[in-house]
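The next block is input.cif, given as mmCIF, C-alpha atoms.
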```cif
data_input
#
loop_
_atom_site.label_atom_id
_atom_site.label_comp_id
_atom_site.auth_asym_id
_atom_site.auth_seq_id
_atom_site.Cartn_x
_atom_site.Cartn_y
_atom_site.Cartn_z
CA MET A 1 -7.35 -7.06 -16.60
CA GLN A 2 -9.93 -4.57 -17.84
CA ARG A 3 -9.80 -1.35 -15.93
CA LYS A 4 -9.36 2.35 -16.42
CA SER A 5 -5.75 3.45 -16.68
CA LEU A 6 -4.65 4.93 -13.39
CA ALA A 7 -1.60 6.81 -14.71
CA GLY A 8 -3.31 10.17 -15.08
CA ALA A 9 -5.79 9.72 -12.28
CA VAL A 10 -6.90 12.72 -10.27
CA CYS A 11 -6.63 10.68 -7.07
CA PRO A 12 -3.07 10.38 -5.69
CA ILE A 13 -3.83 6.92 -4.31
CA ALA A 14 -4.66 5.69 -7.81
CA ARG A 15 -1.55 7.31 -9.28
CA SER A 16 0.60 5.67 -6.61
CA LEU A 17 -0.85 2.26 -7.39
CA ASP A 18 -0.11 2.78 -11.06
CA ALA A 19 3.48 3.84 -10.39
CA ILE A 20 4.24 0.81 -8.28
CA GLY A 21 2.63 -1.57 -10.76
CA ASP A 22 1.01 -4.11 -8.52
CA TRP A 23 1.08 -5.25 -4.93
CA TRP A 24 3.70 -7.85 -5.54
CA THR A 25 6.12 -5.31 -6.93
CA LEU A 26 6.16 -3.64 -3.54
CA LEU A 27 7.98 -6.68 -2.15
CA ILE A 28 10.92 -5.75 -4.38
CA VAL A 29 10.86 -2.36 -2.70
CA ARG A 30 10.69 -4.05 0.71
CA ASP A 31 13.75 -6.14 -0.12
CA ALA A 32 15.59 -3.06 -1.36
CA PHE A 33 14.89 -1.41 2.01
CA ARG A 34 16.43 -4.49 3.62
CA GLY A 35 19.62 -3.81 1.69
CA MET A 36 19.11 -6.16 -1.25
CA SER A 37 20.40 -4.89 -4.58
CA ARG A 38 21.26 -7.83 -6.88
CA PHE A 39 18.97 -9.47 -9.40
CA GLY A 40 19.72 -12.96 -8.13
CA ASP A 41 19.00 -12.02 -4.54
CA PHE A 42 15.62 -10.52 -5.43
CA GLN A 43 14.84 -13.62 -7.45
CA GLN A 44 15.67 -15.95 -4.61
CA SER A 45 13.74 -13.89 -2.07
CA LEU A 46 10.62 -13.58 -4.19
CA GLY A 47 10.59 -16.91 -6.03
CA VAL A 48 9.66 -15.46 -9.41
CA SER A 49 10.88 -16.13 -12.93
CA ARG A 50 13.68 -14.07 -14.50
CA ASN A 51 11.30 -12.68 -17.11
CA ILE A 52 8.79 -11.36 -14.64
CA LEU A 53 11.40 -9.95 -12.31
CA THR A 54 13.16 -8.24 -15.22
CA ARG A 55 9.91 -6.58 -16.24
CA ARG A 56 9.03 -5.43 -12.72
CA LEU A 57 12.51 -4.06 -12.06
CA ALA A 58 12.36 -2.17 -15.36
CA GLY A 59 8.99 -0.76 -14.34
CA LEU A 60 10.32 0.45 -11.00
CA VAL A 61 13.34 2.03 -12.73
CA GLY A 62 11.02 3.65 -15.28
CA HIS A 63 8.92 5.18 -12.52
CA GLY A 64 12.00 6.43 -10.70
CA VAL A 65 11.54 4.19 -7.65
CA LEU A 66 14.79 2.26 -8.22
CA GLU A 67 17.92 3.19 -10.15
CA ARG A 68 20.33 0.86 -11.90
CA VAL A 69 23.94 1.28 -10.81
CA ALA A 70 27.19 -0.66 -11.29
CA ALA A 71 27.65 -3.37 -8.67
CA ALA A 72 29.89 -2.26 -5.82
CA ASP A 73 32.16 -5.29 -6.21
CA GLY A 74 33.43 -4.15 -9.62
CA SER A 75 32.17 -7.40 -11.16
CA GLY A 76 30.57 -5.62 -14.09
CA TYR A 77 27.13 -6.71 -12.89
CA HIS A 78 24.60 -4.08 -12.11
CA ALA A 79 22.64 -3.51 -8.96
CA TYR A 80 19.41 -1.75 -8.06
CA ARG A 81 19.21 1.00 -5.50
CA LEU A 82 16.26 2.93 -4.08
CA THR A 83 16.02 6.53 -5.26
CA ALA A 84 14.78 9.32 -2.99
CA ARG A 85 11.34 8.71 -4.43
CA GLY A 86 11.62 5.00 -3.64
CA ARG A 87 12.74 5.74 -0.10
CA GLY A 88 9.61 7.83 0.22
CA LEU A 89 7.64 4.57 0.19
CA PHE A 90 8.92 3.81 3.70
CA GLY A 91 5.70 5.01 5.32
CA VAL A 92 3.58 2.85 2.99
CA LEU A 93 5.58 -0.23 3.99
CA VAL A 94 5.34 0.58 7.68
CA ALA A 95 1.56 1.07 7.36
CA LEU A 96 1.19 -2.26 5.56
CA SER A 97 3.41 -4.01 8.05
CA GLN A 98 1.42 -2.76 11.02
CA TRP A 99 -1.90 -3.67 9.40
CA GLY A 100 -0.65 -7.17 8.54
CA GLN A 101 0.64 -7.72 12.04
CA GLU A 102 -2.68 -6.78 13.56
CA ASN A 103 -5.01 -8.34 11.04
CA VAL A 104 -3.51 -11.25 9.19
CA ALA A 105 -2.24 -14.24 11.17
CA ALA A 106 1.42 -15.19 10.78
CA PRO A 107 2.44 -18.82 10.24
CA ALA A 108 2.40 -20.70 13.53
CA GLY A 109 5.32 -19.77 15.70
CA ARG A 110 6.98 -17.58 13.10
CA ARG A 111 6.60 -13.89 12.61
CA MET A 112 8.63 -10.93 11.56
CA ARG A 113 8.26 -7.37 12.65
CA MET A 114 9.83 -3.98 12.26
CA LEU A 115 12.02 -2.86 15.12
CA ASP A 116 13.76 0.39 15.91
CA ARG A 117 17.39 -0.50 15.16
CA ALA A 118 18.80 1.47 18.08
CA GLN A 119 16.59 0.10 20.84
CA ARG A 120 15.26 -3.13 19.29
CA ARG A 121 11.72 -2.17 20.22
CA PRO A 122 8.58 -2.20 18.02
CA LEU A 123 7.67 1.07 16.31
CA ARG A 124 4.90 3.31 17.53
CA LYS A 125 1.61 2.76 15.69
CA LEU A 126 1.32 5.22 12.77
CA GLU A 127 -1.12 8.02 13.50
CA VAL A 128 -2.98 10.18 11.02
CA LEU A 129 -2.87 13.76 12.31
CA ALA A 130 -4.45 17.06 11.32
CA ALA A 131 -2.27 20.10 10.71
CA ASP A 132 -2.90 21.15 14.31
CA GLY A 133 -2.01 17.73 15.70
CA ARG A 134 -5.48 16.26 16.33
CA ALA A 135 -5.66 12.49 15.70
CA LEU A 136 -7.90 11.78 12.69
CA GLY A 137 -9.93 8.69 11.85
CA PRO A 138 -11.47 7.73 8.49
CA ASP A 139 -14.60 9.79 9.16
CA ASP A 140 -12.59 12.95 9.85
CA VAL A 141 -11.05 13.11 6.38
CA VAL A 142 -12.50 14.05 3.00
CA MET A 143 -11.03 13.64 -0.48
CA SER A 144 -11.28 17.05 -2.08
CA ARG A 145 -10.79 18.07 -5.69
CA ALA A 146 -8.68 21.19 -6.07
CA VAL A 147 -7.75 23.14 -9.18
CA MET B 148 1.68 -14.99 -12.38
CA GLN B 149 4.33 -17.32 -11.01
CA ARG B 150 5.26 -16.44 -7.50
CA LYS B 151 5.41 -17.84 -4.01
CA SER B 152 2.08 -17.74 -2.19
CA LEU B 153 2.10 -14.87 0.27
CA ALA B 154 -0.79 -16.08 2.44
CA GLY B 155 1.38 -17.71 5.11
CA ALA B 156 4.33 -15.41 4.76
CA VAL B 157 6.43 -14.58 7.79
CA CYS B 158 6.56 -10.94 6.71
CA PRO B 159 3.46 -8.92 7.63
CA ILE B 160 3.87 -6.74 4.53
CA ALA B 161 3.59 -9.84 2.33
CA ARG B 162 0.56 -11.10 4.25
CA SER B 163 -1.13 -7.74 3.87
CA LEU B 164 -0.55 -7.76 0.13
CA ASP B 165 -2.06 -11.22 -0.09
CA ALA B 166 -5.13 -10.25 1.92
CA ILE B 167 -5.86 -7.23 -0.22
CA GLY B 168 -5.38 -9.16 -3.45
CA ASP B 169 -3.77 -6.61 -5.69
CA TRP B 170 -3.20 -2.89 -5.90
CA TRP B 171 -6.33 -2.26 -7.86
CA THR B 172 -8.49 -3.87 -5.20
CA LEU B 173 -7.41 -1.14 -2.80
CA LEU B 174 -9.36 1.38 -4.87
CA ILE B 175 -12.53 -0.46 -3.83
CA VAL B 176 -11.45 0.13 -0.24
CA ARG B 177 -10.76 3.80 -1.05
CA ASP B 178 -14.27 4.17 -2.48
CA ALA B 179 -15.77 2.45 0.57
CA PHE B 180 -13.97 5.02 2.76
CA ARG B 181 -15.62 7.71 0.62
CA GLY B 182 -19.00 6.27 1.57
CA MET B 183 -19.66 4.11 -1.49
CA SER B 184 -21.45 0.83 -0.79
CA ARG B 185 -23.38 -0.32 -3.88
CA PHE B 186 -22.09 -2.63 -6.60
CA GLY B 187 -23.15 -0.28 -9.38
CA ASP B 188 -21.41 2.68 -7.80
CA PHE B 189 -18.13 0.79 -7.43
CA GLN B 190 -18.45 -0.37 -11.02
CA GLN B 191 -18.98 3.14 -12.32
CA SER B 192 -16.15 4.57 -10.23
CA LEU B 193 -13.62 1.93 -11.22
CA GLY B 194 -14.64 1.13 -14.78
CA VAL B 195 -14.29 -2.63 -14.47
CA SER B 196 -16.43 -5.52 -15.67
CA ARG B 197 -19.11 -7.05 -13.45
CA ASN B 198 -17.22 -10.35 -13.35
CA ILE B 199 -13.99 -8.88 -12.12
CA LEU B 200 -15.66 -6.61 -9.59
CA THR B 201 -17.73 -9.52 -8.27
CA ARG B 202 -14.58 -11.55 -7.73
CA ARG B 203 -12.68 -8.74 -6.02
CA LEU B 204 -15.58 -7.88 -3.72
CA ALA B 205 -15.90 -11.56 -2.78
CA GLY B 206 -12.18 -11.63 -2.02
CA LEU B 207 -12.42 -8.59 0.25
CA VAL B 208 -15.43 -10.12 2.05
CA GLY B 209 -13.53 -13.41 2.39
CA HIS B 210 -10.58 -11.63 3.98
CA GLY B 211 -12.86 -9.73 6.34
CA VAL B 212 -12.09 -6.30 4.87
CA LEU B 213 -15.67 -5.69 3.70
CA GLU B 214 -18.95 -7.20 4.87
CA ARG B 215 -22.11 -7.71 2.83
CA VAL B 216 -25.21 -6.17 4.37
CA ALA B 217 -28.76 -5.48 3.21
CA ALA B 218 -29.08 -2.14 1.42
CA ALA B 219 -30.34 0.62 3.70
CA ASP B 220 -33.15 1.52 1.29
CA GLY B 221 -34.96 -1.79 1.84
CA SER B 222 -34.74 -2.51 -1.88
CA GLY B 223 -33.57 -6.07 -1.31
CA TYR B 224 -30.22 -5.25 -2.88
CA HIS B 225 -27.13 -5.73 -0.81
CA ALA B 226 -24.40 -3.29 0.01
CA TYR B 227 -20.78 -3.53 1.08
CA ARG B 228 -19.46 -1.96 4.24
CA LEU B 229 -15.95 -1.71 5.69
CA THR B 230 -15.35 -3.90 8.72
CA ALA B 231 -13.12 -2.80 11.60
CA ARG B 232 -10.28 -4.63 9.84
CA GLY B 233 -11.06 -2.74 6.63
CA ARG B 234 -11.14 0.57 8.45
CA GLY B 235 -7.69 -0.30 9.74
CA LEU B 236 -6.41 0.26 6.19
CA PHE B 237 -6.92 4.00 6.62
CA GLY B 238 -3.23 4.58 7.37
CA VAL B 239 -2.17 2.64 4.27
CA LEU B 240 -4.40 4.84 2.09
CA VAL B 241 -3.12 8.03 3.70
CA ALA B 242 0.48 6.90 3.17
CA LEU B 243 -0.21 6.09 -0.49
CA SER B 244 -2.05 9.35 -1.00
CA GLN B 245 0.80 11.42 0.42
CA TRP B 246 3.40 9.54 -1.62
CA GLY B 247 1.36 9.98 -4.81
CA GLN B 248 0.89 13.68 -4.18
CA GLU B 249 4.60 14.22 -3.73
CA ASN B 250 5.93 11.88 -6.37
CA VAL B 251 3.51 11.26 -9.21
CA ALA B 252 2.22 14.21 -11.21
CA ALA B 253 -1.52 14.78 -11.32
CA PRO B 254 -3.28 15.51 -14.62
CA ALA B 255 -2.79 19.15 -15.60
CA GLY B 256 -4.90 21.46 -13.49
CA ARG B 257 -6.70 18.68 -11.67
CA ARG B 258 -5.79 17.10 -8.41
CA MET B 259 -7.42 15.61 -5.39
CA ARG B 260 -6.14 15.55 -1.86
CA MET B 261 -7.12 14.48 1.60
CA LEU B 262 -8.32 17.24 3.87
CA ASP B 263 -9.18 17.37 7.53
CA ARG B 264 -12.99 17.59 7.39
CA ALA B 265 -13.27 20.03 10.29
CA GLN B 266 -10.73 22.61 9.15
CA ARG B 267 -10.43 21.82 5.40
CA ARG B 268 -6.66 21.78 5.69
CA PRO B 269 -4.22 19.14 4.38
CA LEU B 270 -3.17 16.43 6.81
CA ARG B 271 0.17 16.42 8.54
CA LYS B 272 2.78 14.25 6.78
CA LEU B 273 2.79 10.74 8.32
CA GLU B 274 5.80 10.17 10.53
CA VAL B 275 7.36 6.88 11.51
CA LEU B 276 8.23 7.06 15.21
CA ALA B 277 10.11 4.90 17.68
CA ALA B 278 8.43 3.84 20.93
CA ASP B 279 10.10 6.81 22.63
CA GLY B 280 8.96 9.25 19.95
CA ARG B 281 12.16 9.64 17.91
CA ALA B 282 11.47 10.12 14.17
CA LEU B 283 12.76 7.09 12.23
CA GLY B 284 13.91 6.81 8.62
CA PRO B 285 14.39 3.65 6.54
CA ASP B 286 17.92 3.11 7.88
CA ASP B 287 16.75 3.22 11.49
CA VAL B 288 14.49 0.19 11.17
CA VAL B 289 15.22 -3.54 10.90
CA MET B 290 12.91 -6.43 10.02
CA SER B 291 13.38 -8.95 12.77
CA ARG B 292 12.23 -12.56 12.98
CA ALA B 293 10.70 -13.42 16.32
CA VAL B 294 9.43 -16.76 17.64
#
```
Rewrite the coordinates I just gave you, this time as structure tokens.
Amino acid sequence: MQRKSLAGAVCPIARSLDAIGDWWTLLIVRDAFRGMSRFGDFQQSLGVSRNILTRRLAGLVGHGVLERVAAADGSGYHAYRLTARGRGLFGVLVALSQWGQENVAAPAGRRMRMLDRAQRRPLRKLEVLAADGRALGPDDVVMSRAV
Amino acid sequence: MQRKSLAGAVCPIARSLDAIGDWWTLLIVRDAFRGMSRFGDFQQSLGVSRNILTRRLAGLVGHGVLERVAAADGSGYHAYRLTARGRGLFGVLVALSQWGQENVAAPAGRRMRMLDRAQRRPLRKLEVLAADGRALGPDDVVMSRAV
């Protein structure tokens, strides 16, 4: 696809998009949050070819979102684990999950949602807040260039 | 790219990714939040070909994220405006912006950040909260299938 490279973008949204690679790659991160770590498990969950998955996993490792470690079972296989930086994507996934739940219909009679593990209740809706705690909407925020 | 279709996915994260199309498309949404509405302005901001931009804008209109309206200047051109559903992506953009600021280096000496318009101060870090207000991390949340 023809587009400007986003890697050195001034805007942190653009840099984030570049680091994650594409939308689809974020589903690998989702699965890693669900405890998945093995190549074959990601492949089965996502239904993609080995080649493509290999490339996307390498990209996430290269950007420091996942790290490659020896499999816990001592099998000699390797596994993929979220780094601290990868775990930092939690809020992005929650925001996407809440938007999808509200705005994009689930298949009839089947849906999935995020629950608080302790109480098995849905999460509170994410709120964008000012430093002093005021709730902010899109019109209350500006993107500002700073040196 | 070979992959399962995400349109009817049980997982709301996957459905969201399908509705937005790809990472890059989200930069159109970012620009719309910044007040951009004209084809030529999006094209200049994003550096993409007319063909590709036309297709992505049509996709966002088709998914109800943007709507096509007559340009305010009466020129007969049309403009693109965020719908309520599109404005609902605000939290996703804030989450991505905060992650990018913390995790992906900006070009030397140049960065951009989101500020509270009223006080020109950075936003508070997004927090994932349980229904009762407890702060939740990735390990405190489960994805649960519900009928």
Proximal residues of chain A relative to chain B (all atoms listed in the file; 6 Å) as a VMD selection string = chain A and resid 2 to 4 8 10 to 13 15 to 17 22 to 23 47 to 48 91 to 92 95 to 97 100 to 101 106 to 107 109 to 117 123 to 124 129 to 131 140 to 147
Q) So how many Å separate CA of Asp73 (chain A) and CA of Asp31 (chain A), to one decimal? A)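 CA of Asp73 (chain A) sits 19.4 Å away from CA of Asp31 (chain A).
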Pairwise distance, CA of Thr201 (chain B) with CA of Arg56 (chain A), equals 27.4 Å
Just how far from CA of Val29 (chain A) is CA of Arg50 (chain A), in Å to one decimal?
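Between CA of Arg50 (chain A) and CA of Val29 (chain A) the gap is 16.9 Å.
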**Prompt:** Written as a list of chain:residue names, which residues does the PyMOL selection byres ((chain A and resi 39) around 9) give for the file shown?
**Reply:**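 What the PyMOL selection byres ((chain A and resi 39) around 9) grabs from the file is A:Met36, A:Ser37, A:Arg38, A:Gly40, A:Asp41, A:Phe42, A:Gln43, A:Gln44, A:Arg50, A:Leu53, A:Thr54, A:Leu57, A:His78, A:Ala79, A:Tyr80.
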Can you take the partial region 227-249 of chain B, add N, CA, C and O atoms, and return it as a PDB file, in the coordinates of the input?
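Result file result-v1.pdb:
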```
ATOM      1  N   TYR B 227     -22.052  -3.125   0.500  1.00  0.00           N
ATOM      2  CA  TYR B 227     -20.780  -3.530   1.080  1.00  0.00           C
ATOM      3  C   TYR B 227     -20.308  -2.447   2.041  1.00  0.00           C
ATOM      4  O   TYR B 227     -20.356  -1.259   1.725  1.00  0.00           O
ATOM      5  N   ARG B 228     -19.856  -2.899   3.192  1.00  0.00           N
ATOM      6  CA  ARG B 228     -19.460  -1.960   4.240  1.00  0.00           C
ATOM      7  C   ARG B 228     -18.102  -2.373   4.787  1.00  0.00           C
ATOM      8  O   ARG B 228     -17.823  -3.566   4.942  1.00  0.00           O
ATOM      9  N   LEU B 229     -17.258  -1.412   5.090  1.00  0.00           N
ATOM     10  CA  LEU B 229     -15.950  -1.710   5.690  1.00  0.00           C
ATOM     11  C   LEU B 229     -16.135  -2.313   7.073  1.00  0.00           C
ATOM     12  O   LEU B 229     -16.923  -1.806   7.873  1.00  0.00           O
ATOM     13  N   THR B 230     -15.412  -3.355   7.370  1.00  0.00           N
ATOM     14  CA  THR B 230     -15.350  -3.900   8.720  1.00  0.00           C
ATOM     15  C   THR B 230     -14.318  -3.105   9.523  1.00  0.00           C
ATOM     16  O   THR B 230     -13.640  -2.231   8.991  1.00  0.00           O
ATOM     17  N   ALA B 231     -14.169  -3.450  10.798  1.00  0.00           N
ATOM     18  CA  ALA B 231     -13.120  -2.800  11.600  1.00  0.00           C
ATOM     19  C   ALA B 231     -11.753  -3.073  10.970  1.00  0.00           C
ATOM     20  O   ALA B 231     -10.895  -2.180  10.902  1.00  0.00           O
ATOM     21  N   ARG B 232     -11.553  -4.294  10.492  1.00  0.00           N
ATOM     22  CA  ARG B 232     -10.280  -4.630   9.840  1.00  0.00           C
ATOM     23  C   ARG B 232     -10.075  -3.758   8.588  1.00  0.00           C
ATOM     24  O   ARG B 232      -8.975  -3.271   8.333  1.00  0.00           O
ATOM     25  N   GLY B 233     -11.143  -3.585   7.823  1.00  0.00           N
ATOM     26  CA  GLY B 233     -11.060  -2.740   6.630  1.00  0.00           C
ATOM     27  C   GLY B 233     -10.751  -1.291   6.980  1.00  0.00           C
ATOM     28  O   GLY B 233      -9.933  -0.630   6.326  1.00  0.00           O
ATOM     29  N   ARG B 234     -11.395  -0.806   8.039  1.00  0.00           N
ATOM     30  CA  ARG B 234     -11.140   0.570   8.450  1.00  0.00           C
ATOM     31  C   ARG B 234      -9.691   0.746   8.927  1.00  0.00           C
ATOM     32  O   ARG B 234      -9.143   1.844   8.890  1.00  0.00           O
ATOM     33  N   GLY B 235      -9.094  -0.343   9.332  1.00  0.00           N
ATOM     34  CA  GLY B 235      -7.690  -0.300   9.740  1.00  0.00           C
ATOM     35  C   GLY B 235      -6.743   0.003   8.588  1.00  0.00           C
ATOM     36  O   GLY B 235      -5.573   0.313   8.807  1.00  0.00           O
ATOM     37  N   LEU B 236      -7.249  -0.070   7.347  1.00  0.00           N
ATOM     38  CA  LEU B 236      -6.410   0.260   6.190  1.00  0.00           C
ATOM     39  C   LEU B 236      -6.295   1.762   5.943  1.00  0.00           C
ATOM     40  O   LEU B 236      -5.619   2.203   5.011  1.00  0.00           O
ATOM     41  N   PHE B 237      -6.945   2.540   6.774  1.00  0.00           N
ATOM     42  CA  PHE B 237      -6.920   4.000   6.620  1.00  0.00           C
ATOM     43  C   PHE B 237      -5.485   4.540   6.511  1.00  0.00           C
ATOM     44  O   PHE B 237      -5.163   5.337   5.622  1.00  0.00           O
ATOM     45  N   GLY B 238      -4.614   4.099   7.381  1.00  0.00           N
ATOM     46  CA  GLY B 238      -3.230   4.580   7.370  1.00  0.00           C
ATOM     47  C   GLY B 238      -2.496   4.235   6.081  1.00  0.00           C
ATOM     48  O   GLY B 238      -1.685   5.010   5.580  1.00  0.00           O
ATOM     49  N   VAL B 239      -2.791   3.046   5.535  1.00  0.00           N
ATOM     50  CA  VAL B 239      -2.170   2.640   4.270  1.00  0.00           C
ATOM     51  C   VAL B 239      -2.606   3.596   3.163  1.00  0.00           C
ATOM     52  O   VAL B 239      -1.794   4.055   2.345  1.00  0.00           O
ATOM     53  N   LEU B 240      -3.890   3.936   3.135  1.00  0.00           N
ATOM     54  CA  LEU B 240      -4.400   4.840   2.090  1.00  0.00           C
ATOM     55  C   LEU B 240      -3.834   6.250   2.248  1.00  0.00           C
ATOM     56  O   LEU B 240      -3.503   6.901   1.268  1.00  0.00           O
ATOM     57  N   VAL B 241      -3.714   6.705   3.479  1.00  0.00           N
ATOM     58  CA  VAL B 241      -3.120   8.030   3.700  1.00  0.00           C
ATOM     59  C   VAL B 241      -1.664   8.034   3.244  1.00  0.00           C
ATOM     60  O   VAL B 241      -1.209   8.959   2.563  1.00  0.00           O
ATOM     61  N   ALA B 242      -0.926   6.987   3.576  1.00  0.00           N
ATOM     62  CA  ALA B 242       0.480   6.900   3.170  1.00  0.00           C
ATOM     63  C   ALA B 242       0.607   6.897   1.646  1.00  0.00           C
ATOM     64  O   ALA B 242       1.450   7.599   1.074  1.00  0.00           O
ATOM     65  N   LEU B 243      -0.246   6.130   0.980  1.00  0.00           N
ATOM     66  CA  LEU B 243      -0.210   6.090  -0.490  1.00  0.00           C
ATOM     67  C   LEU B 243      -0.609   7.433  -1.082  1.00  0.00           C
ATOM     68  O   LEU B 243      -0.039   7.878  -2.083  1.00  0.00           O
ATOM     69  N   SER B 244      -1.577   8.066  -0.478  1.00  0.00           N
ATOM     70  CA  SER B 244      -2.050   9.350  -1.000  1.00  0.00           C
ATOM     71  C   SER B 244      -0.937  10.404  -0.892  1.00  0.00           C
ATOM     72  O   SER B 244      -0.682  11.155  -1.832  1.00  0.00           O
ATOM     73  N   GLN B 245      -0.259  10.418   0.240  1.00  0.00           N
ATOM     74  CA  GLN B 245       0.800  11.420   0.420  1.00  0.00           C
ATOM     75  C   GLN B 245       1.974  11.141  -0.528  1.00  0.00           C
ATOM     76  O   GLN B 245       2.554  12.057  -1.101  1.00  0.00           O
ATOM     77  N   TRP B 246       2.304   9.871  -0.704  1.00  0.00           N
ATOM     78  CA  TRP B 246       3.400   9.540  -1.620  1.00  0.00           C
ATOM     79  C   TRP B 246       3.033   9.948  -3.049  1.00  0.00           C
ATOM     80  O   TRP B 246       3.841  10.527  -3.780  1.00  0.00           O
ATOM     81  N   GLY B 247       1.808   9.644  -3.460  1.00  0.00           N
ATOM     82  CA  GLY B 247       1.360   9.980  -4.810  1.00  0.00           C
ATOM     83  C   GLY B 247       1.347  11.485  -5.043  1.00  0.00           C
ATOM     84  O   GLY B 247       1.728  11.969  -6.110  1.00  0.00           O
ATOM     85  N   GLN B 248       0.931  12.229  -4.028  1.00  0.00           N
ATOM     86  CA  GLN B 248       0.890  13.680  -4.180  1.00  0.00           C
ATOM     87  C   GLN B 248       2.279  14.260  -4.370  1.00  0.00           C
ATOM     88  O   GLN B 248       2.479  15.190  -5.127  1.00  0.00           O
ATOM     89  N   GLU B 249       3.245  13.676  -3.663  1.00  0.00           N
ATOM     90  CA  GLU B 249       4.600  14.220  -3.730  1.00  0.00           C
ATOM     91  C   GLU B 249       5.388  13.726  -4.937  1.00  0.00           C
ATOM     92  O   GLU B 249       6.313  14.379  -5.384  1.00  0.00           O
TER      93      GLU B 249
END
```
